file upload.json (JSON, C-alpha atoms)
[["chain", "number", "residue", "atom", "x", "y", "z"],
["J", 19, "MET", "CA", -91.15, -62.15, 115.17],
["J", 20, "THR", "CA", -92.81, -64.55, 117.56],
["J", 21, "ARG", "CA", -95.49, -62.95, 119.69],
["J", 22, "MET", "CA", -97.15, -64.56, 122.69],
["J", 23, "ARG", "CA", -100.85, -63.81, 122.82],
["J", 24, "ASP", "CA", -101.00, -63.98, 126.59],
["J", 25, "CYS", "CA", -97.88, -61.88, 127.20],
["J", 26, "ILE", "CA", -98.69, -58.32, 128.27],
["J", 27, "PHE", "CA", -95.40, -57.00, 126.89],
["J", 28, "CYS", "CA", -96.00, -58.64, 123.52],
["J", 29, "ARG", "CA", -99.45, -57.04, 123.50],
["J", 30, "ILE", "CA", -97.93, -53.64, 124.33],
["J", 31, "ILE", "CA", -95.31, -54.10, 121.60],
["J", 32, "GLU", "CA", -98.07, -54.95, 119.12],
["J", 33, "GLY", "CA", -100.03, -51.88, 120.18],
["J", 34, "ASN", "CA", -102.86, -53.94, 121.61],
["J", 35, "LEU", "CA", -102.43, -52.72, 125.17],
["J", 36, "PRO", "CA", -101.87, -49.08, 126.10],
["J", 37, "ALA", "CA", -98.54, -48.00, 127.53],
["J", 38, "SER", "CA", -96.58, -44.79, 127.80],
["J", 39, "ARG", "CA", -93.95, -45.46, 125.14],
["J", 40, "VAL", "CA", -90.89, -43.24, 125.49],
["J", 41, "TYR", "CA", -88.55, -44.88, 122.97],
["J", 42, "GLU", "CA", -88.57, -47.51, 120.28],
["J", 43, "ASP", "CA", -86.34, -48.87, 117.57],
["J", 44, "GLU", "CA", -86.20, -52.05, 115.49],
["J", 45, "THR", "CA", -85.22, -54.30, 118.37],
["J", 46, "LEU", "CA", -86.67, -52.81, 121.57],
["J", 47, "ILE", "CA", -89.14, -50.43, 123.13],
["J", 48, "ALA", "CA", -89.07, -48.43, 126.38],
["J", 49, "ILE", "CA", -92.14, -47.59, 128.43],
["J", 50, "GLU", "CA", -92.91, -45.97, 131.77],
["J", 51, "ASP", "CA", -93.27, -48.50, 134.60],
["J", 52, "VAL", "CA", -96.87, -48.35, 135.86],
["J", 53, "HIS", "CA", -95.64, -48.77, 139.45],
["J", 54, "PRO", "CA", -92.63, -46.42, 139.47],
["J", 55, "GLN", "CA", -90.07, -46.89, 142.24],
["J", 56, "ALA", "CA", -88.13, -43.73, 141.42],
["J", 57, "PRO", "CA", -88.85, -40.40, 139.69],
["J", 58, "THR", "CA", -87.59, -42.02, 136.49],
["J", 59, "HIS", "CA", -88.55, -45.68, 136.18],
["J", 60, "LEU", "CA", -88.61, -47.05, 132.66],
["J", 61, "LEU", "CA", -88.78, -50.57, 131.29],
["J", 62, "ILE", "CA", -86.58, -51.39, 128.32],
["J", 63, "ILE", "CA", -88.12, -54.37, 126.55],
["J", 64, "PRO", "CA", -86.72, -56.38, 123.64],
["J", 65, "ARG", "CA", -89.36, -56.85, 120.95],
["J", 66, "GLN", "CA", -88.44, -60.52, 120.72],
["J", 67, "HIS", "CA", -90.32, -62.64, 123.21],
["J", 68, "LEU", "CA", -87.80, -64.31, 125.50],
["J", 69, "ALA", "CA", -89.33, -65.47, 128.75],
["J", 70, "THR", "CA", -86.26, -64.97, 130.94],
["J", 71, "ALA", "CA", -82.59, -64.08, 130.78],
["J", 72, "GLN", "CA", -81.94, -67.83, 130.78],
["J", 73, "ASP", "CA", -83.15, -67.76, 127.18],
["J", 74, "PHE", "CA", -80.26, -65.49, 126.14],
["J", 75, "ASP", "CA", -77.74, -67.08, 123.83],
["J", 76, "SER", "CA", -74.84, -65.69, 121.83],
["J", 77, "SER", "CA", -77.24, -64.45, 119.13],
["J", 78, "HIS", "CA", -78.61, -61.91, 121.65],
["J", 79, "ARG", "CA", -75.37, -60.15, 122.48],
["J", 80, "GLN", "CA", -76.04, -57.18, 120.20],
["J", 81, "LEU", "CA", -79.60, -56.89, 121.49],
["J", 82, "ILE", "CA", -78.46, -56.81, 125.11],
["J", 83, "GLY", "CA", -75.85, -54.21, 124.26],
["J", 84, "SER", "CA", -78.54, -52.12, 122.59],
["J", 85, "VAL", "CA", -80.52, -52.13, 125.83],
["J", 86, "PHE", "CA", -77.67, -50.37, 127.63],
["J", 87, "LEU", "CA", -77.14, -47.88, 124.81],
["J", 88, "ALA", "CA", -80.86, -47.08, 125.02],
["J", 89, "ALA", "CA", -80.56, -46.71, 128.82],
["J", 90, "LYS", "CA", -77.67, -44.29, 128.34],
["J", 91, "ARG", "CA", -79.63, -42.25, 125.80],
["J", 92, "LEU", "CA", -82.78, -42.18, 127.93],
["J", 93, "ALA", "CA", -80.83, -41.13, 131.01],
["J", 94, "GLU", "CA", -79.23, -38.31, 129.02],
["J", 95, "GLU", "CA", -82.57, -37.19, 127.61],
["J", 96, "ARG", "CA", -84.01, -37.00, 131.12],
["J", 97, "GLY", "CA", -81.00, -35.19, 132.50],
["J", 98, "VAL", "CA", -80.20, -37.90, 135.04],
["J", 99, "ALA", "CA", -77.11, -39.46, 133.48],
["J", 100, "GLU", "CA", -74.56, -37.35, 135.30],
["J", 101, "GLN", "CA", -76.30, -37.69, 138.66],
["J", 102, "GLY", "CA", -76.69, -41.41, 138.08],
["J", 103, "TYR", "CA", -78.98, -44.31, 137.37],
["J", 104, "ARG", "CA", -79.38, -48.02, 137.98],
["J", 105, "VAL", "CA", -80.26, -50.74, 135.48],
["J", 106, "VAL", "CA", -81.78, -53.94, 136.87],
["J", 107, "LEU", "CA", -82.59, -57.27, 135.28],
["J", 108, "ASN", "CA", -84.67, -59.75, 137.26],
["J", 109, "CYS", "CA", -84.47, -63.39, 136.21],
["J", 110, "ASN", "CA", -87.07, -65.81, 137.56],
["J", 111, "ARG", "CA", -89.02, -65.59, 140.81],
["J", 112, "ALA", "CA", -86.27, -65.17, 143.40],
["J", 113, "GLY", "CA", -84.78, -62.50, 141.16],
["J", 114, "GLY", "CA", -88.05, -60.58, 141.38],
["J", 115, "GLN", "CA", -89.29, -61.26, 137.86],
["J", 116, "THR", "CA", -93.07, -60.94, 137.57],
["J", 117, "VAL", "CA", -93.62, -60.55, 133.81],
["J", 118, "PHE", "CA", -92.09, -63.39, 131.86],
["J", 119, "HIS", "CA", -90.89, -61.43, 128.88],
["J", 120, "VAL", "CA", -87.31, -60.23, 129.40],
["J", 121, "HIS", "CA", -87.11, -56.57, 130.41],
["J", 122, "PHE", "CA", -84.66, -54.21, 132.08],
["J", 123, "HIS", "CA", -85.56, -51.57, 134.67],
["J", 124, "LEU", "CA", -83.96, -48.13, 134.42],
["J", 125, "LEU", "CA", -84.27, -46.20, 137.68],
["J", 126, "ALA", "CA", -83.05, -42.68, 138.41],
["J", 127, "GLY", "CA", -83.92, -39.35, 139.96],
["J", 128, "ARG", "CA", -83.18, -40.30, 143.56],
["J", 129, "PRO", "CA", -80.18, -41.85, 145.33],
["J", 130, "MET", "CA", -80.46, -45.61, 144.87],
["J", 131, "ARG", "CA", -79.86, -47.57, 148.07],
["J", 132, "TRP", "CA", -77.76, -50.66, 148.80],
["J", 133, "PRO", "CA", -78.40, -53.57, 148.74],
["J", 134, "PRO", "CA", -80.34, -53.46, 145.50],
["J", 135, "GLY", "CA", -83.37, -55.21, 146.98],
["T", 2, "MET", "CA", -55.64, -52.59, 126.63],
["T", 3, "THR", "CA", -55.61, -49.40, 128.65],
["T", 4, "ARG", "CA", -55.09, -49.95, 132.36],
["T", 5, "MET", "CA", -55.55, -47.31, 135.03],
["T", 6, "ARG", "CA", -52.89, -47.55, 137.70],
["T", 7, "ASP", "CA", -55.14, -46.21, 140.42],
["T", 8, "CYS", "CA", -58.17, -48.34, 139.52],
["T", 9, "ILE", "CA", -58.64, -51.27, 141.88],
["T", 10, "PHE", "CA", -60.43, -53.34, 139.24],
["T", 11, "CYS", "CA", -57.64, -52.76, 136.73],
["T", 12, "ARG", "CA", -55.18, -53.88, 139.39],
["T", 13, "ILE", "CA", -57.25, -57.01, 140.07],
["T", 14, "ILE", "CA", -57.46, -57.74, 136.33],
["T", 15, "GLU", "CA", -53.68, -57.37, 136.06],
["T", 16, "GLY", "CA", -53.22, -59.72, 139.02],
["T", 17, "ASN", "CA", -51.71, -57.00, 141.18],
["T", 18, "LEU", "CA", -54.45, -57.10, 143.81],
["T", 19, "PRO", "CA", -55.90, -60.32, 145.23],
["T", 20, "ALA", "CA", -59.49, -61.28, 144.47],
["T", 21, "SER", "CA", -61.53, -64.45, 144.40],
["T", 22, "ARG", "CA", -61.75, -64.94, 140.67],
["T", 23, "VAL", "CA", -64.57, -67.27, 139.64],
["T", 24, "TYR", "CA", -64.57, -66.79, 135.87],
["T", 25, "GLU", "CA", -62.55, -65.14, 133.16],
["T", 26, "ASP", "CA", -62.36, -64.95, 129.40],
["T", 27, "GLU", "CA", -60.78, -62.61, 126.85],
["T", 28, "THR", "CA", -63.12, -59.71, 127.58],
["T", 29, "LEU", "CA", -64.19, -59.96, 131.22],
["T", 30, "ILE", "CA", -63.58, -61.44, 134.63],
["T", 31, "ALA", "CA", -65.93, -62.32, 137.50],
["T", 32, "ILE", "CA", -64.99, -62.12, 141.17],
["T", 33, "GLU", "CA", -66.70, -62.53, 144.52],
["T", 34, "ASP", "CA", -67.94, -59.22, 145.97],
["T", 35, "VAL", "CA", -66.00, -58.56, 149.20],
["T", 36, "HIS", "CA", -69.18, -57.20, 150.82],
["T", 37, "PRO", "CA", -71.75, -59.76, 149.65],
["T", 38, "GLN", "CA", -75.41, -58.73, 149.84],
["T", 39, "ALA", "CA", -76.74, -62.20, 149.01],
["T", 40, "PRO", "CA", -75.48, -65.79, 149.27],
["T", 41, "THR", "CA", -74.23, -65.41, 145.71],
["T", 42, "HIS", "CA", -72.86, -61.95, 144.97],
["T", 43, "LEU", "CA", -70.43, -61.72, 142.09],
["T", 44, "LEU", "CA", -69.03, -58.81, 140.14],
["T", 45, "ILE", "CA", -68.72, -59.20, 136.38],
["T", 46, "ILE", "CA", -66.08, -56.77, 135.19],
["T", 47, "PRO", "CA", -65.06, -55.93, 131.61],
["T", 48, "ARG", "CA", -61.28, -56.02, 131.23],
["T", 49, "GLN", "CA", -61.42, -52.73, 129.34],
["T", 50, "HIS", "CA", -61.31, -49.73, 131.65],
["T", 51, "LEU", "CA", -64.50, -47.74, 131.15],
["T", 52, "ALA", "CA", -65.28, -45.46, 134.07],
["T", 53, "THR", "CA", -69.06, -45.61, 133.83],
["T", 54, "ALA", "CA", -71.88, -46.93, 131.65],
["T", 55, "GLN", "CA", -71.95, -43.46, 130.09],
["T", 56, "ASP", "CA", -68.74, -44.51, 128.33],
["T", 57, "PHE", "CA", -70.53, -47.30, 126.47],
["T", 58, "ASP", "CA", -70.80, -46.81, 122.74],
["T", 59, "SER", "CA", -71.91, -49.08, 119.92],
["T", 60, "SER", "CA", -68.51, -50.81, 119.91],
["T", 61, "HIS", "CA", -69.35, -52.26, 123.35],
["T", 62, "ARG", "CA", -72.58, -54.05, 122.42],
["T", 63, "GLN", "CA", -70.94, -57.49, 122.15],
["T", 64, "LEU", "CA", -69.08, -56.95, 125.41],
["T", 65, "ILE", "CA", -72.26, -56.03, 127.29],
["T", 66, "GLY", "CA", -74.00, -59.05, 125.82],
["T", 67, "SER", "CA", -71.13, -61.23, 126.99],
["T", 68, "VAL", "CA", -71.68, -59.99, 130.55],
["T", 69, "PHE", "CA", -75.19, -61.42, 130.55],
["T", 70, "LEU", "CA", -74.10, -64.71, 129.00],
["T", 71, "ALA", "CA", -71.49, -64.96, 131.75],
["T", 72, "ALA", "CA", -74.17, -64.17, 134.36],
["T", 73, "LYS", "CA", -76.35, -66.93, 132.94],
["T", 74, "ARG", "CA", -73.48, -69.42, 133.02],
["T", 75, "LEU", "CA", -72.42, -68.47, 136.55],
["T", 76, "ALA", "CA", -76.01, -68.72, 137.82],
["T", 77, "GLU", "CA", -76.30, -72.18, 136.26],
["T", 78, "GLU", "CA", -72.98, -73.31, 137.73],
["T", 79, "ARG", "CA", -74.12, -72.22, 141.19],
["T", 80, "GLY", "CA", -77.50, -73.87, 140.81],
["T", 81, "VAL", "CA", -79.43, -70.61, 141.27],
["T", 82, "ALA", "CA", -80.61, -69.98, 137.71],
["T", 83, "GLU", "CA", -83.96, -71.71, 138.04],
["T", 84, "GLN", "CA", -84.72, -70.12, 141.41],
["T", 85, "GLY", "CA", -83.63, -66.75, 140.11],
["T", 86, "TYR", "CA", -81.09, -63.97, 140.14],
["T", 87, "ARG", "CA", -80.75, -60.22, 139.69],
["T", 88, "VAL", "CA", -78.17, -58.34, 137.63],
["T", 89, "VAL", "CA", -77.53, -54.71, 138.60],
["T", 90, "LEU", "CA", -75.51, -51.97, 136.94],
["T", 91, "ASN", "CA", -74.89, -48.77, 138.91],
["T", 92, "CYS", "CA", -73.97, -45.69, 136.91],
["T", 93, "ASN", "CA", -72.55, -42.68, 138.75],
["T", 94, "ARG", "CA", -73.14, -41.66, 142.37],
["T", 95, "ALA", "CA", -76.94, -41.56, 142.59],
["T", 96, "GLY", "CA", -76.98, -44.95, 140.89],
["T", 97, "GLY", "CA", -74.84, -46.31, 143.70],
["T", 98, "GLN", "CA", -71.57, -46.62, 141.79],
["T", 99, "THR", "CA", -68.55, -46.57, 144.10],
["T", 100, "VAL", "CA", -65.77, -48.05, 141.91],
["T", 101, "PHE", "CA", -65.38, -46.14, 138.67],
["T", 102, "HIS", "CA", -64.62, -49.07, 136.40],
["T", 103, "VAL", "CA", -67.83, -50.44, 134.87],
["T", 104, "HIS", "CA", -69.06, -53.61, 136.60],
["T", 105, "PHE", "CA", -72.26, -55.60, 136.95],
["T", 106, "HIS", "CA", -73.51, -57.19, 140.18],
["T", 107, "LEU", "CA", -74.98, -60.70, 140.04],
["T", 108, "LEU", "CA", -77.03, -61.47, 143.16],
["T", 109, "ALA", "CA", -78.82, -64.72, 143.97],
["T", 110, "GLY", "CA", -79.52, -67.27, 146.66],
["T", 111, "ARG", "CA", -82.26, -65.35, 148.43],
["T", 112, "PRO", "CA", -85.51, -63.68, 147.32],
["T", 113, "MET", "CA", -84.57, -60.25, 145.99],
["T", 114, "ARG", "CA", -86.83, -57.47, 147.28],
["T", 115, "TRP", "CA", -88.55, -54.58, 145.50],
["T", 116, "PRO", "CA", -87.69, -51.78, 144.97],
["T", 117, "PRO", "CA", -84.15, -52.65, 143.94],
["T", 118, "GLY", "CA", -82.59, -50.20, 146.35]]

call {"tool": "encode", "arguments": {"input": "upload.json", "output": "structure tokens"}}
result
Amino acid sequence: MTRMRDCIFCRIIEGNLPASRVYEDETLIAIEDVHPQAPTHLLIIPRQHLATAQDFDSSHRQLIGSVFLAAKRLAEERGVAEQGYRVVLNCNRAGGQTVFHVHFHLLAGRPMRWPPG
Amino acid sequence: MTRMRDCIFCRIIEGNLPASRVYEDETLIAIEDVHPQAPTHLLIIPRQHLATAQDFDSSHRQLIGSVFLAAKRLAEERGVAEQGYRVVLNCNRAGGQTVFHVHFHLLAGRPMRWPPG
């Protein structure tokens, strides 16, 4: 699978940068966000390097679905599923994306406000 | 496909409640949010009635993937893809869910702030 040497998420996926890994399978990993915005704030990161959600094509449908099944499982494991959680994808700068390797934020453990940023 | 008579999104999908429909295919529709929080604020709604993201199982992977391909296409059509957008899923009350038929918010047209609510 293509890795980008200068991508911090690729380096984490390869094990070349430390991160608090809470889940992994063949297609994605989940880590704790280093700047948490809620009591639970995880990043669900596809192993495949895609810079932004604009790189998604029909071959990624299953992968994207797997992200939400992982979110569901992680929320259950942490006991926050029933209370509730939010999943956020930022695409490009105005969307709030700062690391250009597609990732999804899972936030829970407090009431999430509206608007979502 | 199962419809819930008291679900406003099922009624919109059936055509029994008005909505500004901007996209539809076999598995989902997209409408304008009636309380927009950004210049572009669409709801992408699976036709299948699932109350929350906790109802997702492995049979929904393709469907979830299709949501993000629709988001990409809608962002491109509106000319906001390059600038950026945010996709948000709220699950249950603390996540901010108010309509209990799974839906994804697509927001764009302004810089999205952090935290995401």

call {"tool": "atom_distance", "arguments": {"input": "upload.json", "atom1": "atom CA of J:Glu44", "atom2": "atom CA of J:Pro64"}}
result
9.2 Å

call {"tool": "closest_atom_pairs", "arguments": {"input": "upload.json", "of": "chain J", "to": "chain T", "cutoff": "7 Å", "atoms": "all atoms listed in the file", "output": "CSV"}}
result
residue,atom,partner,partner_atom,distance
J:Gln55,CA,T:Pro116,CA,6.1
J:Gln72,CA,T:Lys73,CA,6.1
J:Phe74,CA,T:Leu70,CA,6.8
J:Asp75,CA,T:Leu70,CA,6.8
J:His78,CA,T:Gly66,CA,6.8
J:Arg79,CA,T:Gly66,CA,3.8
J:Gln80,CA,T:Arg62,CA,5.2
J:Ile82,CA,T:Gly66,CA,5.0
J:Gly83,CA,T:Arg62,CA,3.8
J:Ser84,CA,T:Arg62,CA,6.3
J:Leu87,CA,T:Asp58,CA,6.8
J:Lys90,CA,T:Gln55,CA,6.0
J:Glu100,CA,T:Asn93,CA,6.7
J:Gln101,CA,T:Ala95,CA,5.6
J:Gly102,CA,T:Asn93,CA,4.4
J:Tyr103,CA,T:Gly96,CA,4.1
J:Arg104,CA,T:Asn91,CA,4.6
J:Val105,CA,T:Leu90,CA,5.1
J:Val106,CA,T:Val89,CA,4.7
J:Leu107,CA,T:Val88,CA,5.1
J:Asn108,CA,T:Arg87,CA,4.6
J:Cys109,CA,T:Gly85,CA,5.2
J:Asn110,CA,T:Gly85,CA,4.4
J:Arg111,CA,T:Gly85,CA,5.6
J:Ala112,CA,T:Pro112,CA,4.3
J:Gly113,CA,T:Tyr86,CA,4.1
J:Gly114,CA,T:Met113,CA,5.8
J:Ala126,CA,T:Gly96,CA,6.9
J:Arg128,CA,T:Ala95,CA,6.4
J:Pro129,CA,T:Ala95,CA,4.3
J:Met130,CA,T:Gly118,CA,5.3
J:Arg131,CA,T:Gly118,CA,4.2
J:Trp132,CA,T:Gly118,CA,5.4
J:Pro133,CA,T:Gly118,CA,5.9
J:Pro134,CA,T:Gly118,CA,4.1
J:Gly135,CA,T:Pro117,CA,4.1

call {"tool": "atom_distance", "arguments": {"input": "upload.json", "atom1": "atom CA of T:Asp34", "atom2": "atom CA of J:His121"}}
result
24.8 Å

call {"tool": "calpha_fit_and_write", "arguments": {"input": "upload.json", "fixed": "chain T", "moving": "chain J", "output": "CSV table (one decimal) with C-alpha atoms, in the frame of the given file"}}
result
chain,number,residue,atom,x,y,z
J,19,MET,CA,-55.6,-52.6,126.6
J,20,THR,CA,-55.6,-49.4,128.6
J,21,ARG,CA,-55.1,-49.9,132.4
J,22,MET,CA,-55.6,-47.3,135.0
J,23,ARG,CA,-52.9,-47.5,137.7
J,24,ASP,CA,-55.2,-46.2,140.4
J,25,CYS,CA,-58.2,-48.4,139.5
J,26,ILE,CA,-58.6,-51.3,141.9
J,27,PHE,CA,-60.4,-53.3,139.2
J,28,CYS,CA,-57.6,-52.8,136.7
J,29,ARG,CA,-55.2,-53.9,139.4
J,30,ILE,CA,-57.3,-57.0,140.1
J,31,ILE,CA,-57.5,-57.7,136.3
J,32,GLU,CA,-53.7,-57.4,136.1
J,33,GLY,CA,-53.2,-59.7,139.0
J,34,ASN,CA,-51.7,-57.0,141.2
J,35,LEU,CA,-54.5,-57.1,143.8
J,36,PRO,CA,-55.9,-60.3,145.2
J,37,ALA,CA,-59.5,-61.3,144.5
J,38,SER,CA,-61.5,-64.4,144.4
J,39,ARG,CA,-61.8,-64.9,140.7
J,40,VAL,CA,-64.6,-67.3,139.6
J,41,TYR,CA,-64.6,-66.8,135.9
J,42,GLU,CA,-62.5,-65.1,133.2
J,43,ASP,CA,-62.4,-64.9,129.4
J,44,GLU,CA,-60.8,-62.6,126.9
J,45,THR,CA,-63.1,-59.7,127.6
J,46,LEU,CA,-64.2,-60.0,131.2
J,47,ILE,CA,-63.6,-61.4,134.6
J,48,ALA,CA,-65.9,-62.3,137.5
J,49,ILE,CA,-65.0,-62.1,141.2
J,50,GLU,CA,-66.7,-62.5,144.5
J,51,ASP,CA,-67.9,-59.2,146.0
J,52,VAL,CA,-66.0,-58.6,149.2
J,53,HIS,CA,-69.2,-57.2,150.8
J,54,PRO,CA,-71.8,-59.7,149.7
J,55,GLN,CA,-75.4,-58.7,149.8
J,56,ALA,CA,-76.7,-62.2,149.0
J,57,PRO,CA,-75.5,-65.8,149.3
J,58,THR,CA,-74.2,-65.4,145.7
J,59,HIS,CA,-72.9,-61.9,145.0
J,60,LEU,CA,-70.4,-61.7,142.1
J,61,LEU,CA,-69.0,-58.8,140.1
J,62,ILE,CA,-68.7,-59.2,136.4
J,63,ILE,CA,-66.1,-56.8,135.2
J,64,PRO,CA,-65.1,-55.9,131.6
J,65,ARG,CA,-61.3,-56.0,131.2
J,66,GLN,CA,-61.4,-52.7,129.4
J,67,HIS,CA,-61.3,-49.7,131.7
J,68,LEU,CA,-64.5,-47.7,131.2
J,69,ALA,CA,-65.3,-45.5,134.1
J,70,THR,CA,-69.1,-45.6,133.8
J,71,ALA,CA,-71.9,-46.9,131.7
J,72,GLN,CA,-71.9,-43.5,130.1
J,73,ASP,CA,-68.7,-44.5,128.3
J,74,PHE,CA,-70.5,-47.3,126.5
J,75,ASP,CA,-70.8,-46.8,122.7
J,76,SER,CA,-71.9,-49.1,119.9
J,77,SER,CA,-68.5,-50.8,119.9
J,78,HIS,CA,-69.4,-52.3,123.3
J,79,ARG,CA,-72.6,-54.0,122.4
J,80,GLN,CA,-70.9,-57.5,122.1
J,81,LEU,CA,-69.1,-56.9,125.4
J,82,ILE,CA,-72.3,-56.0,127.3
J,83,GLY,CA,-74.0,-59.0,125.8
J,84,SER,CA,-71.1,-61.2,127.0
J,85,VAL,CA,-71.7,-60.0,130.5
J,86,PHE,CA,-75.2,-61.4,130.6
J,87,LEU,CA,-74.1,-64.7,129.0
J,88,ALA,CA,-71.5,-65.0,131.8
J,89,ALA,CA,-74.2,-64.2,134.4
J,90,LYS,CA,-76.4,-66.9,132.9
J,91,ARG,CA,-73.5,-69.4,133.0
J,92,LEU,CA,-72.4,-68.5,136.5
J,93,ALA,CA,-76.0,-68.7,137.8
J,94,GLU,CA,-76.3,-72.2,136.3
J,95,GLU,CA,-73.0,-73.3,137.7
J,96,ARG,CA,-74.1,-72.2,141.2
J,97,GLY,CA,-77.5,-73.8,140.8
J,98,VAL,CA,-79.4,-70.6,141.3
J,99,ALA,CA,-80.6,-70.0,137.7
J,100,GLU,CA,-84.0,-71.7,138.0
J,101,GLN,CA,-84.7,-70.1,141.4
J,102,GLY,CA,-83.6,-66.7,140.1
J,103,TYR,CA,-81.1,-64.0,140.2
J,104,ARG,CA,-80.7,-60.2,139.7
J,105,VAL,CA,-78.2,-58.3,137.6
J,106,VAL,CA,-77.5,-54.7,138.6
J,107,LEU,CA,-75.5,-52.0,137.0
J,108,ASN,CA,-74.9,-48.8,138.9
J,109,CYS,CA,-74.0,-45.7,136.9
J,110,ASN,CA,-72.6,-42.7,138.8
J,111,ARG,CA,-73.2,-41.7,142.4
J,112,ALA,CA,-76.9,-41.6,142.6
J,113,GLY,CA,-77.0,-45.0,140.9
J,114,GLY,CA,-74.8,-46.3,143.7
J,115,GLN,CA,-71.6,-46.6,141.8
J,116,THR,CA,-68.5,-46.6,144.1
J,117,VAL,CA,-65.8,-48.1,141.9
J,118,PHE,CA,-65.4,-46.2,138.7
J,119,HIS,CA,-64.6,-49.1,136.4
J,120,VAL,CA,-67.8,-50.4,134.9
J,121,HIS,CA,-69.0,-53.6,136.6
J,122,PHE,CA,-72.2,-55.6,136.9
J,123,HIS,CA,-73.5,-57.2,140.2
J,124,LEU,CA,-75.0,-60.7,140.0
J,125,LEU,CA,-77.0,-61.5,143.1
J,126,ALA,CA,-78.8,-64.7,144.0
J,127,GLY,CA,-79.5,-67.3,146.7
J,128,ARG,CA,-82.3,-65.3,148.4
J,129,PRO,CA,-85.5,-63.7,147.3
J,130,MET,CA,-84.6,-60.2,146.0
J,131,ARG,CA,-86.8,-57.5,147.3
J,132,TRP,CA,-88.5,-54.6,145.5
J,133,PRO,CA,-87.7,-51.8,145.0
J,134,PRO,CA,-84.2,-52.7,143.9
J,135,GLY,CA,-82.6,-50.2,146.4

call {"tool": "atom_distance", "arguments": {"input": "upload.json", "atom1": "atom CA of T:Glu25", "atom2": "atom CA of T:Ala71"}}
result
9.1 Å

call {"tool": "closest_residue", "arguments": {"input": "upload.json", "among": "T:Asp7, T:Leu44, T:Val23, T:Thr99", "to": "T:Arg79", "atoms": "all atoms listed in the file"}}
result
T:Val23

call {"tool": "residues_around", "arguments": {"input": "upload.json", "residues": "J:Glu32", "least_positions_apart": "5", "cutoff": "12 Å", "atoms": "only C-alpha atoms", "output": "VMD selection string"}}
result
chain J and resid 19 to 23 25 to 27 37 39 46 to 47 65 to 67

call {"tool": "decode", "arguments": {"input": "upload.json", "residues": "stretch 55-75 of chain T", "atoms": "C-alpha atoms", "output": "PDB file, in the first residue's frame"}}
result
ATOM      1  CA  GLN T  55     -26.090   2.298  15.959  1.00  0.00           C
ATOM      2  CA  ASP T  56     -28.357   0.456  13.516  1.00  0.00           C
ATOM      3  CA  PHE T  57     -25.569   0.221  10.938  1.00  0.00           C
ATOM      4  CA  ASP T  58     -24.302  -3.273  10.271  1.00  0.00           C
ATOM      5  CA  SER T  59     -21.975  -4.712   7.655  1.00  0.00           C
ATOM      6  CA  SER T  60     -24.799  -4.755   5.101  1.00  0.00           C
ATOM      7  CA  HIS T  61     -24.754  -0.932   5.131  1.00  0.00           C
ATOM      8  CA  ARG T  62     -21.112  -0.415   4.163  1.00  0.00           C
ATOM      9  CA  GLN T  63     -21.883   0.321   0.499  1.00  0.00           C
ATOM     10  CA  LEU T  64     -24.691   2.666   1.476  1.00  0.00           C
ATOM     11  CA  ILE T  65     -22.471   4.658   3.826  1.00  0.00           C
ATOM     12  CA  GLY T  66     -19.812   4.855   1.153  1.00  0.00           C
ATOM     13  CA  SER T  67     -22.409   6.153  -1.285  1.00  0.00           C
ATOM     14  CA  VAL T  68     -23.204   8.993   1.120  1.00  0.00           C
ATOM     15  CA  PHE T  69     -19.637  10.271   0.866  1.00  0.00           C
ATOM     16  CA  LEU T  70     -19.541   9.905  -2.917  1.00  0.00           C
ATOM     17  CA  ALA T  71     -22.748  11.946  -3.031  1.00  0.00           C
ATOM     18  CA  ALA T  72     -21.186  14.541  -0.709  1.00  0.00           C
ATOM     19  CA  LYS T  73     -18.176  14.778  -3.015  1.00  0.00           C
ATOM     20  CA  ARG T  74     -20.385  15.205  -6.070  1.00  0.00           C
ATOM     21  CA  LEU T  75     -22.616  17.802  -4.407  1.00  0.00           C
TER      22      LEU T  75
END
